[in-house]
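Here is the file input28.txt (compact mmCIF, C-alpha atoms).
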```txt
# COMPACT_ATOMS: atom_id res chain seq x y z
CA MET A 1 18.61 -9.62 3.28
CA PRO A 2 15.88 -8.67 0.80
CA THR A 3 12.32 -8.48 2.13
CA LYS A 4 10.98 -10.36 -0.88
CA VAL A 5 12.58 -13.71 -1.63
CA ALA A 6 12.49 -15.20 -5.11
CA VAL A 7 11.55 -18.86 -4.72
CA PRO A 8 12.83 -21.26 -7.40
CA GLN A 9 10.29 -23.69 -8.81
CA HIS A 10 12.20 -26.68 -7.42
CA LEU A 11 11.65 -25.39 -3.86
CA THR A 12 7.88 -25.56 -4.10
CA ASN A 13 7.49 -28.82 -2.21
CA VAL A 14 9.93 -27.79 0.53
CA LEU A 15 8.54 -24.34 1.25
CA PHE A 16 4.83 -24.75 0.62
CA TYR A 17 4.86 -27.89 2.77
CA ARG A 18 4.87 -25.54 5.76
CA LYS A 19 1.56 -23.90 4.86
CA SER A 20 -0.28 -27.01 3.75
CA LYS A 21 0.66 -29.09 6.78
CA THR A 22 -0.20 -26.27 9.18
CA ILE A 23 -3.65 -25.88 7.62
CA CYS A 24 -4.27 -29.63 7.73
CA ALA A 25 -3.18 -29.72 11.36
CA GLU A 26 -5.38 -26.78 12.32
CA ASN A 27 -8.43 -28.52 10.87
CA SER A 28 -8.02 -31.61 13.03
CA PHE A 29 -5.72 -30.71 15.92
CA HIS A 30 -8.36 -29.37 18.31
CA ASN A 31 -10.69 -32.28 17.61
CA MET A 32 -8.25 -34.82 18.99
CA ALA A 33 -8.66 -35.24 22.76
CA ASN A 34 -6.39 -38.12 23.72
CA HIS A 35 -3.63 -39.24 21.36
CA ASP A 36 -1.85 -42.52 20.89
CA VAL A 37 1.56 -40.83 20.87
CA ILE A 38 2.65 -37.20 21.05
CA ILE A 39 6.12 -36.50 19.66
CA VAL A 40 7.69 -33.18 20.68
CA GLY A 41 10.01 -32.05 17.88
CA ALA A 42 9.84 -32.46 14.10
CA GLY A 43 13.52 -32.96 13.46
CA MET A 44 14.95 -36.11 11.93
CA ALA A 45 14.55 -38.14 15.14
CA GLY A 46 10.93 -37.13 15.68
CA LEU A 47 9.93 -37.59 12.04
CA THR A 48 11.62 -40.98 11.88
CA CYS A 49 9.81 -42.07 15.02
CA ALA A 50 6.50 -40.82 13.59
CA THR A 51 7.10 -42.59 10.27
CA TYR A 52 7.69 -45.96 11.91
CA LEU A 53 4.79 -45.53 14.33
CA ASN A 54 2.53 -44.77 11.38
CA ARG A 55 3.74 -47.95 9.67
CA PHE A 56 2.95 -49.87 12.85
CA GLY A 57 -0.62 -48.56 12.75
CA ILE A 58 -0.11 -46.15 15.66
CA LYS A 59 -1.24 -42.55 15.10
CA PRO A 60 1.38 -39.99 16.16
CA LEU A 61 0.90 -36.26 16.66
CA VAL A 62 4.13 -34.34 16.09
CA ILE A 63 4.38 -30.93 17.77
CA GLU A 64 7.03 -28.53 16.45
CA ALA A 65 7.88 -25.10 17.90
CA SER A 66 9.33 -23.63 14.69
CA ASP A 67 7.67 -22.80 11.37
CA ALA A 68 8.80 -25.92 9.47
CA VAL A 69 9.99 -29.48 9.89
CA GLY A 70 13.64 -30.47 9.93
CA GLY A 71 15.14 -29.26 13.20
CA ARG A 72 18.78 -28.59 12.37
CA VAL A 73 18.28 -29.95 8.83
CA ARG A 74 16.78 -26.83 7.27
CA THR A 75 17.18 -25.00 3.96
CA ASP A 76 16.38 -21.35 3.23
CA ALA A 77 15.73 -19.81 -0.18
CA GLN A 78 17.33 -16.44 -0.88
CA ASP A 79 17.67 -14.66 -4.21
CA GLY A 80 17.28 -17.98 -6.05
CA TYR A 81 19.95 -19.73 -3.94
CA LEU A 82 19.41 -22.66 -1.57
CA LEU A 83 21.15 -22.11 1.74
CA ASP A 84 21.41 -25.09 4.05
CA ARG A 85 21.65 -23.96 7.66
CA GLY A 86 25.29 -24.86 8.05
CA PHE A 87 27.31 -27.03 5.68
CA GLN A 88 25.67 -30.46 5.68
CA ILE A 89 25.83 -33.63 3.62
CA LEU A 90 24.06 -36.97 3.53
CA LEU A 91 26.29 -40.04 3.66
CA THR A 92 24.42 -42.51 1.47
CA ALA A 93 25.87 -45.53 3.29
CA TYR A 94 24.13 -44.59 6.56
CA PRO A 95 22.20 -47.79 7.35
CA GLU A 96 19.18 -45.95 8.78
CA ALA A 97 18.94 -43.59 5.81
CA LYS A 98 19.19 -46.47 3.33
CA GLN A 99 16.40 -48.25 5.13
CA LEU A 100 13.95 -45.34 5.31
CA LEU A 101 14.67 -42.72 2.66
CA ASN A 102 13.84 -42.81 -1.05
CA TYR A 103 17.14 -41.68 -2.58
CA ASP A 104 15.74 -41.49 -6.11
CA ALA A 105 12.96 -39.16 -5.03
CA LEU A 106 15.50 -36.96 -3.24
CA ASP A 107 17.39 -36.61 -6.53
CA LEU A 108 20.73 -36.90 -4.76
CA LYS A 109 23.80 -35.24 -6.26
CA THR A 110 27.14 -36.67 -5.19
CA PHE A 111 30.55 -35.22 -4.45
CA GLN A 112 33.66 -36.67 -5.99
CA SER A 113 35.44 -38.92 -3.52
CA GLY A 114 38.22 -37.23 -1.59
CA ALA A 115 39.20 -33.64 -0.99
CA LEU A 116 41.37 -30.77 -2.18
CA ILE A 117 44.02 -29.87 0.40
CA ARG A 118 45.36 -26.32 0.49
CA LEU A 119 49.16 -26.64 0.74
CA ASN A 120 52.09 -24.46 -0.30
CA GLY A 121 49.90 -21.93 -2.08
CA GLY A 122 48.03 -24.51 -4.16
CA PHE A 123 45.76 -27.54 -3.95
CA SER A 124 46.71 -31.22 -3.67
CA THR A 125 44.21 -33.97 -4.38
CA MET A 126 43.49 -36.80 -1.96
CA SER A 127 40.94 -39.31 -3.25
CA ASP A 128 39.96 -42.96 -3.09
CA PRO A 129 41.62 -44.57 -6.14
CA PHE A 130 38.90 -47.24 -6.26
CA LYS A 131 36.17 -44.61 -6.63
CA GLU A 132 38.21 -42.08 -8.59
CA PRO A 133 40.68 -44.09 -10.72
CA SER A 134 41.44 -41.01 -12.81
CA LYS A 135 42.84 -39.37 -9.66
CA PHE A 136 45.14 -42.29 -8.80
CA ILE A 137 48.35 -40.64 -10.00
CA SER A 138 47.57 -37.22 -8.52
CA THR A 139 46.71 -38.83 -5.19
CA LEU A 140 49.84 -40.99 -5.27
CA LEU A 141 52.03 -37.97 -6.00
CA SER A 142 50.25 -35.68 -3.55
CA PRO A 143 52.56 -34.21 -0.88
CA VAL A 144 49.84 -34.96 1.68
CA GLY A 145 51.34 -37.90 3.54
CA SER A 146 53.68 -40.65 2.38
CA LEU A 147 52.92 -43.74 0.31
CA ILE A 148 52.78 -45.73 3.55
CA ASP A 149 50.23 -43.24 4.92
CA LYS A 150 48.03 -43.72 1.87
CA LEU A 151 48.29 -47.51 2.05
CA LYS A 152 47.17 -47.34 5.67
CA VAL A 153 44.04 -45.48 4.54
CA LEU A 154 43.19 -48.42 2.28
CA LYS A 155 43.98 -50.86 5.09
CA LEU A 156 41.62 -49.16 7.54
CA SER A 157 38.93 -48.93 4.86
CA GLN A 158 38.99 -52.69 4.46
CA GLU A 159 38.99 -53.28 8.22
CA VAL A 160 36.00 -51.09 9.05
CA SER A 161 33.96 -52.33 6.08
CA LYS A 162 33.56 -55.65 7.92
CA GLU A 163 32.19 -54.14 11.15
CA SER A 164 28.53 -53.60 12.00
CA THR A 165 27.23 -50.32 13.38
CA GLU A 166 26.72 -51.92 16.80
CA ASP A 167 30.33 -53.17 16.86
CA PHE A 168 31.68 -49.65 16.56
CA PHE A 169 29.92 -48.46 19.71
CA THR A 170 30.26 -51.46 21.98
CA THR A 171 34.06 -51.65 22.08
CA GLN A 172 36.41 -49.55 24.18
CA GLY A 173 37.65 -46.51 22.28
CA THR A 174 40.01 -43.62 22.70
CA ASP A 175 40.18 -40.16 21.20
CA THR A 176 40.60 -40.01 17.44
CA LEU A 177 44.01 -38.33 17.53
CA SER A 178 45.46 -41.06 19.77
CA PHE A 179 43.94 -43.72 17.52
CA LEU A 180 45.52 -42.19 14.40
CA GLN A 181 48.92 -41.96 16.06
CA ALA A 182 48.73 -45.53 17.34
CA TYR A 183 47.69 -46.76 13.89
CA GLY A 184 50.98 -45.39 12.58
CA TRP A 185 50.05 -42.42 10.43
CA SER A 186 52.67 -39.72 10.19
CA GLU A 187 52.19 -36.35 11.88
CA ASP A 188 52.19 -34.80 8.41
CA MET A 189 49.25 -36.97 7.32
CA ILE A 190 47.36 -36.26 10.53
CA ALA A 191 47.92 -32.50 10.31
CA ASN A 192 47.28 -32.09 6.59
CA PHE A 193 44.49 -34.59 5.99
CA PHE A 194 42.83 -36.07 9.04
CA LYS A 195 42.58 -32.88 11.09
CA PRO A 196 41.05 -30.72 8.34
CA PHE A 197 38.83 -33.48 6.91
CA PHE A 198 37.51 -35.18 10.02
CA GLY A 199 37.83 -32.02 12.08
CA GLY A 200 35.27 -30.67 9.62
CA VAL A 201 33.03 -33.68 10.22
CA PHE A 202 33.34 -33.45 14.02
CA LEU A 203 33.37 -29.62 14.05
CA GLU A 204 36.42 -29.56 16.31
CA ASN A 205 40.07 -29.12 15.47
CA GLU A 206 41.85 -31.34 18.02
CA LEU A 207 40.28 -34.69 17.02
CA ALA A 208 39.18 -35.24 20.62
CA THR A 209 36.06 -37.03 19.33
CA SER A 210 35.74 -40.74 20.11
CA SER A 211 37.74 -43.05 17.86
CA ASN A 212 34.71 -45.35 17.72
CA PHE A 213 32.73 -42.62 16.00
CA PHE A 214 35.68 -41.85 13.72
CA ARG A 215 35.84 -45.46 12.57
CA PHE A 216 32.07 -45.53 12.01
CA VAL A 217 32.18 -42.37 9.88
CA PHE A 218 35.27 -43.61 8.04
CA LYS A 219 33.27 -46.67 6.97
CA GLN A 220 30.40 -44.52 5.70
CA PHE A 221 32.71 -42.52 3.45
CA TYR A 222 34.35 -45.70 2.18
CA ASN A 223 31.13 -47.64 1.53
CA GLY A 224 28.99 -44.85 0.08
CA GLU A 225 28.91 -41.35 -1.30
CA ALA A 226 28.66 -37.87 0.15
CA ALA A 227 25.58 -36.26 -1.35
CA ILE A 228 23.09 -33.40 -1.18
CA PRO A 229 19.49 -33.46 -2.43
CA ALA A 230 18.80 -31.30 -5.47
CA ARG A 231 16.24 -29.31 -3.46
CA GLY A 232 18.46 -28.78 -0.42
CA MET A 233 19.00 -30.78 2.76
CA GLN A 234 15.54 -29.95 4.06
CA ALA A 235 14.14 -32.20 1.34
CA ILE A 236 15.14 -35.12 3.59
CA PRO A 237 12.86 -34.35 6.56
CA THR A 238 10.20 -33.07 4.16
CA GLN A 239 10.13 -36.47 2.46
CA LEU A 240 9.35 -38.13 5.79
CA ALA A 241 6.79 -35.51 6.76
CA ASN A 242 4.92 -35.91 3.49
CA GLN A 243 4.41 -39.60 4.24
CA LEU A 244 2.46 -38.87 7.42
CA PRO A 245 -1.33 -38.45 7.47
CA ALA A 246 -2.82 -34.97 7.18
CA GLY A 247 -2.97 -33.32 10.58
CA ALA A 248 -0.14 -35.40 12.01
CA ILE A 249 2.17 -32.37 12.37
CA GLN A 250 1.38 -29.17 14.26
CA LEU A 251 3.87 -26.36 13.55
CA ALA A 252 4.50 -23.16 15.52
CA THR A 253 3.45 -24.88 18.75
CA ARG A 254 5.69 -24.64 21.79
CA VAL A 255 5.57 -27.13 24.64
CA GLU A 256 6.02 -25.58 28.06
CA LYS A 257 5.82 -28.59 30.32
CA ILE A 258 5.26 -32.33 30.40
CA THR A 259 3.59 -33.90 33.43
CA GLY A 260 2.77 -37.57 33.36
CA ASN A 261 0.74 -38.15 30.21
CA THR A 262 -0.11 -34.47 29.81
CA VAL A 263 1.56 -31.94 27.53
CA LEU A 264 1.07 -28.26 28.40
CA LEU A 265 1.40 -25.88 25.44
CA SER A 266 2.52 -22.25 25.60
CA ASP A 267 -1.00 -21.07 24.73
CA GLY A 268 -2.36 -22.83 27.83
CA GLN A 269 -3.88 -25.76 25.97
CA THR A 270 -3.27 -29.24 27.36
CA LEU A 271 -3.04 -32.49 25.42
CA THR A 272 -2.87 -36.05 26.68
CA ALA A 273 -1.36 -39.16 25.14
CA ASN A 274 -0.75 -42.78 25.94
CA SER A 275 2.96 -42.21 25.24
CA ILE A 276 5.08 -39.07 24.89
CA VAL A 277 8.34 -38.83 22.96
CA ILE A 278 10.79 -35.96 23.43
CA ALA A 279 12.60 -35.55 20.12
CA THR A 280 13.96 -32.03 20.51
CA ASP A 281 17.58 -30.93 20.63
CA ALA A 282 19.54 -31.57 23.80
CA THR A 283 18.94 -28.15 25.38
CA GLN A 284 15.18 -28.29 24.94
CA ALA A 285 15.07 -31.91 26.09
CA ASP A 286 16.86 -30.92 29.30
CA ARG A 287 14.33 -28.12 29.83
CA LEU A 288 11.30 -30.35 29.32
CA LEU A 289 12.72 -33.09 31.53
CA ASN A 290 13.76 -30.58 34.18
CA ARG A 291 17.20 -32.09 33.84
CA SER A 292 20.32 -30.32 35.01
CA GLN A 293 23.12 -31.60 32.82
CA GLN A 294 26.39 -29.96 31.85
CA ARG A 295 26.78 -30.16 28.09
CA THR A 296 29.50 -28.89 25.81
CA PHE A 297 29.01 -28.36 22.10
CA ASN A 298 31.14 -28.03 19.00
CA THR A 299 30.31 -24.83 17.16
CA THR A 300 30.49 -23.88 13.52
CA THR A 301 29.77 -20.88 11.34
CA CYS A 302 28.77 -21.10 7.70
CA THR A 303 29.11 -18.05 5.45
CA TYR A 304 27.53 -18.01 1.99
CA PHE A 305 28.54 -16.03 -1.07
CA ALA A 306 27.16 -15.74 -4.61
CA ALA A 307 29.64 -15.66 -7.49
CA ASP A 308 29.64 -15.63 -11.28
CA ARG A 309 31.66 -18.83 -11.39
CA SER A 310 33.08 -21.52 -9.16
CA PRO A 311 36.62 -21.04 -7.82
CA LEU A 312 37.17 -24.83 -7.63
CA THR A 313 38.12 -27.21 -10.42
CA GLU A 314 36.76 -30.40 -8.83
CA LYS A 315 33.45 -31.38 -7.23
CA MET A 316 35.20 -31.76 -3.91
CA LEU A 317 35.52 -30.05 -0.57
CA ALA A 318 38.55 -27.76 -0.27
CA LEU A 319 40.25 -28.14 3.12
CA ASN A 320 42.64 -25.83 4.93
CA PRO A 321 45.13 -27.56 7.28
CA ASN A 322 45.81 -24.17 8.91
CA ARG A 323 43.19 -24.40 11.65
CA LEU A 324 44.13 -20.94 12.97
CA SER A 325 42.65 -19.31 9.89
CA VAL A 326 39.03 -18.18 9.47
CA VAL A 327 38.58 -20.50 6.47
CA HIS A 328 38.48 -24.17 7.46
CA ASN A 329 36.77 -25.53 4.39
CA VAL A 330 35.28 -24.24 1.16
CA CYS A 331 32.53 -25.92 -0.80
CA VAL A 332 30.63 -24.92 -3.92
CA PRO A 333 27.25 -26.69 -3.49
CA SER A 334 26.11 -25.55 -6.94
CA ASP A 335 29.01 -27.50 -8.48
CA ILE A 336 27.45 -30.63 -6.97
CA ALA A 337 23.78 -29.70 -7.40
CA PRO A 338 23.30 -26.86 -9.94
CA SER A 339 19.81 -26.21 -8.52
CA TYR A 340 21.45 -24.63 -5.46
CA ALA A 341 22.08 -21.47 -7.55
CA PRO A 342 20.38 -19.60 -10.39
CA ASP A 343 21.50 -20.43 -13.91
CA GLY A 344 24.96 -19.07 -14.62
CA LYS A 345 25.75 -18.43 -10.96
CA SER A 346 27.64 -20.29 -8.21
CA LEU A 347 26.93 -20.67 -4.50
CA ILE A 348 30.00 -20.74 -2.26
CA SER A 349 29.97 -22.03 1.31
CA VAL A 350 32.77 -21.25 3.78
CA SER A 351 32.93 -23.00 7.15
CA THR A 352 34.69 -21.70 10.26
CA GLN A 353 34.86 -23.76 13.45
CA GLY A 354 35.21 -23.02 17.11
CA ILE A 355 34.59 -19.28 17.31
CA SER A 356 32.43 -17.93 20.14
CA GLY A 357 30.03 -15.26 18.98
CA VAL A 358 30.22 -13.84 15.49
CA ASP A 359 30.63 -10.34 14.14
CA GLU A 360 29.31 -11.13 10.66
CA GLN A 361 30.84 -8.09 9.01
CA LYS A 362 34.33 -8.64 10.43
CA LEU A 363 34.25 -12.39 9.78
CA THR A 364 33.13 -11.85 6.19
CA ALA A 365 35.89 -9.31 5.61
CA HIS A 366 38.51 -11.73 6.96
CA ILE A 367 37.15 -14.55 4.78
CA VAL A 368 37.27 -12.39 1.65
CA GLN A 369 40.81 -11.30 2.46
CA GLU A 370 42.01 -14.86 3.00
CA LEU A 371 40.27 -16.32 -0.04
CA THR A 372 41.64 -13.53 -2.22
CA SER A 373 45.07 -14.98 -1.49
CA TRP A 374 43.68 -18.36 -2.62
CA PHE A 375 41.72 -17.45 -5.72
CA GLY A 376 42.73 -13.90 -6.66
CA GLU A 377 41.00 -10.51 -6.89
CA GLU A 378 37.83 -12.12 -8.25
CA VAL A 379 36.83 -12.99 -4.68
CA LYS A 380 36.22 -9.30 -3.97
CA THR A 381 33.36 -9.36 -6.51
CA TRP A 382 31.51 -12.12 -4.65
CA LYS A 383 28.17 -11.09 -3.16
CA TYR A 384 27.69 -11.84 0.52
CA LEU A 385 24.44 -13.69 1.17
CA ARG A 386 24.13 -14.86 4.77
CA THR A 387 25.93 -16.17 7.84
CA TYR A 388 24.70 -19.04 9.99
CA TYR A 389 26.23 -19.20 13.46
CA LEU A 390 25.47 -22.56 15.12
CA PRO A 391 26.76 -22.54 18.72
CA GLU A 392 25.14 -25.90 19.52
CA SER A 393 25.72 -27.65 16.22
CA LEU A 394 26.96 -30.99 17.63
CA GLU A 395 27.38 -32.13 21.20
CA LYS A 396 30.93 -33.16 22.03
CA TYR A 397 31.27 -36.93 21.86
CA THR A 398 34.27 -38.54 23.52
CA GLU A 399 35.19 -42.05 24.58
CA SER A 400 33.92 -41.19 28.08
CA THR A 401 30.48 -40.02 26.95
CA PRO A 402 28.04 -42.27 28.84
CA PRO A 403 25.24 -44.06 26.98
CA SER A 404 21.76 -42.63 27.47
CA SER A 405 18.47 -44.42 27.93
CA LEU A 406 15.73 -44.00 25.34
CA LYS A 407 13.07 -44.80 27.94
CA ILE A 408 12.73 -42.14 30.64
CA ALA A 409 9.61 -43.46 32.37
CA GLN A 410 6.83 -45.95 31.70
CA ASN A 411 5.26 -43.88 28.93
CA LEU A 412 7.97 -41.24 28.36
CA PHE A 413 10.73 -41.64 25.77
CA GLU A 414 13.59 -39.60 24.32
CA CYS A 415 15.31 -39.78 20.93
CA GLY A 416 17.85 -37.73 19.03
CA ASP A 417 21.53 -37.84 18.22
CA HIS A 418 22.38 -36.39 21.65
CA VAL A 419 21.33 -39.66 23.28
CA ALA A 420 23.60 -41.70 20.99
CA TYR A 421 26.33 -40.20 18.79
CA PRO A 422 26.36 -36.97 16.74
CA SER A 423 25.01 -37.84 13.31
CA LEU A 424 21.89 -38.02 11.20
CA ASN A 425 22.13 -41.80 11.36
CA ALA A 426 21.94 -41.73 15.16
CA ALA A 427 18.95 -39.38 15.11
CA MET A 428 17.11 -41.77 12.80
CA ALA A 429 18.22 -44.90 14.68
CA THR A 430 17.01 -43.61 18.05
CA GLY A 431 13.71 -42.51 16.48
CA ARG A 432 13.18 -45.98 15.04
CA LYS A 433 14.09 -47.73 18.28
CA VAL A 434 11.66 -45.61 20.30
CA ALA A 435 8.88 -46.37 17.80
CA GLU A 436 9.63 -50.09 18.19
CA MET A 437 9.55 -49.81 21.98
CA ILE A 438 6.14 -48.13 21.89
CA ALA A 439 4.77 -50.63 19.38
CA ASN A 440 5.92 -53.55 21.56
CA GLN A 441 4.42 -52.23 24.81
```
Take the structure from the file and write it as structure tokens.
Amino acid sequence: MPTKVAVPQHLTNVLFYRKSKTICAENSFHNMANHDVIIVGAGMAGLTCATYLNRFGIKPLVIEASDAVGGRVRTDAQDGYLLDRGFQILLTAYPEAKQLLNYDALDLKTFQSGALIRLNGGFSTMSDPFKEPSKFISTLLSPVGSLIDKLKVLKLSQEVSKESTEDFFTTQGTDTLSFLQAYGWSEDMIANFFKPFFGGVFLENELATSSNFFRFVFKQFYNGEAAIPARGMQAIPTQLANQLPAGAIQLATRVEKITGNTVLLSDGQTLTANSIVIATDATQADRLLNRSQQRTFNTTTCTYFAADRSPLTEKMLALNPNRLSVVHNVCVPSDIAPSYAPDGKSLISVSTQGISGVDEQKLTAHIVQELTSWFGEEVKTWKYLRTYYLPESLEKYTESTPPSSLKIAQNLFECGDHVAYPSLNAAMATGRKVAEMIANQ
């Protein structure tokens, strides 16, 4: 990685936010003795909670251990490329996102509906004919599933479109694979479409994730678009952070312990608040709550390359049904949002799921070898940029996952997708609900 990073103009707001907010916080942080609310963690849950509290007239102080807001929703700039930390998208139909985010200001760029499936040495197109009428014939003739399989996709789309978010998570579910089989899809359709597509969403290859969550996500794809902001995924938390008052966020500040209404920082400083919200990831939340809980996570690795041109012909995700390979999906973010790469260049993202520990050099070599068989010798000219290994990307969510309480004690709360279901919508929903609880006390 180069020691000096060229920062594109469109990243100014994302990257220089870190410095400006830190300075603002330093000017006022030590002058605040007792706070209305202290929120530990400036990820999507914490920022959502802070945004709603601010709207309710309650002043939050958000404490973040890292050097920027976003939590797992972060974007790095390297050599003029925007590298999201792991392949991520925003589903525009998420009810919480629609309610809180300004999509126009995010300058969202959308994927074409559907996916390219790698089969028999080539690609077959699977798309929603209502969103992509020009792909109707290619989808109909695709060897991925039968005509009956494709009609069942439309049937389920219509069924889930009538359900509310609460309905999905209050009924008895099963695992996704069992649900698909019971619904009547063929094994071919499950293996060649559902496993690579939704396995990529869940970050697990067996579709052991709860069918309730599958149906919820299925609705989001049907009712909205998959998108990325022109300035990278971190533009989403940055938008929320920029709406908070100066001094509301303190970066590079680690919390060691919470006792009653007191927060002990790693530098020995103590802060007090009427209410405290833990909005960290699951591991840090367990540490702060002195909670011994066995958790299992779905892991993913994202490897980025720079190329002179895109290897794909559609603005879609390319999926590999062969889950034993090192390439599970391929995306070219710069095809969707050209600002992800310098002019005349392409950014290529390759996702690999389920591997424990990563030898970056060996993994990259295997990826190049496999993709050379897909796209030809040109792959060997791609420039390796960076690998992101995310061992705790999403907590496993099955039909037996128990619901968690957002209220831990009288003045102690917890929010984040780990207390609900694994998605950006859940992070935002729990943040909003905690803010409402505090406002109604």
Quiz item: If we count all atoms listed in the file, what is near Glu163 (chain A) at a cut-off of 12 Å, once residues fewer than 2 positions away on the same chain are taken out, given as an NGL selection string?
Solution: :A and (156-161 or 165-171 or 212 or 215-220 or 223)
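Around the point (36.3, -47.4, 22.6), within 7 Å and counting all atoms listed in the file, we find these residues: Thr171, Gln172, Gly173, Thr174, Ser211, Asn212 and Glu399 of chain A.
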Exercise. Quick one: pull the distance between CA of Asp36 (chain A) and CA of Ser275 (chain A), Å, one decimal.
Key: 6.5 Å
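Restricting the calculation to only C-alpha atoms, the smallest distance between Asp281 (chain A) and any of A:Glu392, A:Asp335, A:Asp104, A:Glu225 is found for A:Glu392.
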Spatial neighbours of Cys302 (chain A), 7 Å, only C-alpha atoms, chain gap at least 6 places, as an mmCIF file with C-alpha atoms, keeping the file's coordinate frame:
```cif
data_model
loop_
_atom_site.group_PDB
_atom_site.id
_atom_site.type_symbol
_atom_site.label_atom_id
_atom_site.label_comp_id
_atom_site.auth_asym_id
_atom_site.auth_seq_id
_atom_site.Cartn_x
_atom_site.Cartn_y
_atom_site.Cartn_z
ATOM 1 C CA GLY A 86 25.290 -24.860 8.050
ATOM 2 C CA PHE A 87 27.310 -27.030 5.680
ATOM 3 C CA SER A 349 29.970 -22.030 1.310
ATOM 4 C CA VAL A 350 32.770 -21.250 3.780
ATOM 5 C CA SER A 351 32.930 -23.000 7.150
ATOM 6 C CA THR A 352 34.690 -21.700 10.260
ATOM 7 C CA THR A 387 25.930 -16.170 7.840
ATOM 8 C CA TYR A 388 24.700 -19.040 9.990
ATOM 9 C CA TYR A 389 26.230 -19.200 13.460
#
```
Using only C-alpha atoms, find each residue in region 351-415 of chain A having at least one atom no more than 9 Å away from region 437-441 of chain A; report its shortest atom-to-atom pair and that distance in Å (one decimal), rows by chain then rising number, as CSV.
```
residue,atom,partner,partner_atom,distance
A:Lys407,CA,A:Met437,CA,8.5
A:Asn411,CA,A:Ile438,CA,8.3
A:Phe413,CA,A:Ile438,CA,8.8
```
Can those selected residues be exported to a file as a compact mmCIF listing (two decimals), keeping the file's coordinate frame so that it contains C-alpha atoms?
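File selection_23.txt, as written:
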```
# COMPACT_ATOMS: atom_id res chain seq x y z
CA LYS A 407 13.07 -44.80 27.94
CA ASN A 411 5.26 -43.88 28.93
CA PHE A 413 10.73 -41.64 25.77
```
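Between CA of Met233 (chain A) and CA of Asp76 (chain A) the interatomic distance comes to 9.8 Å.
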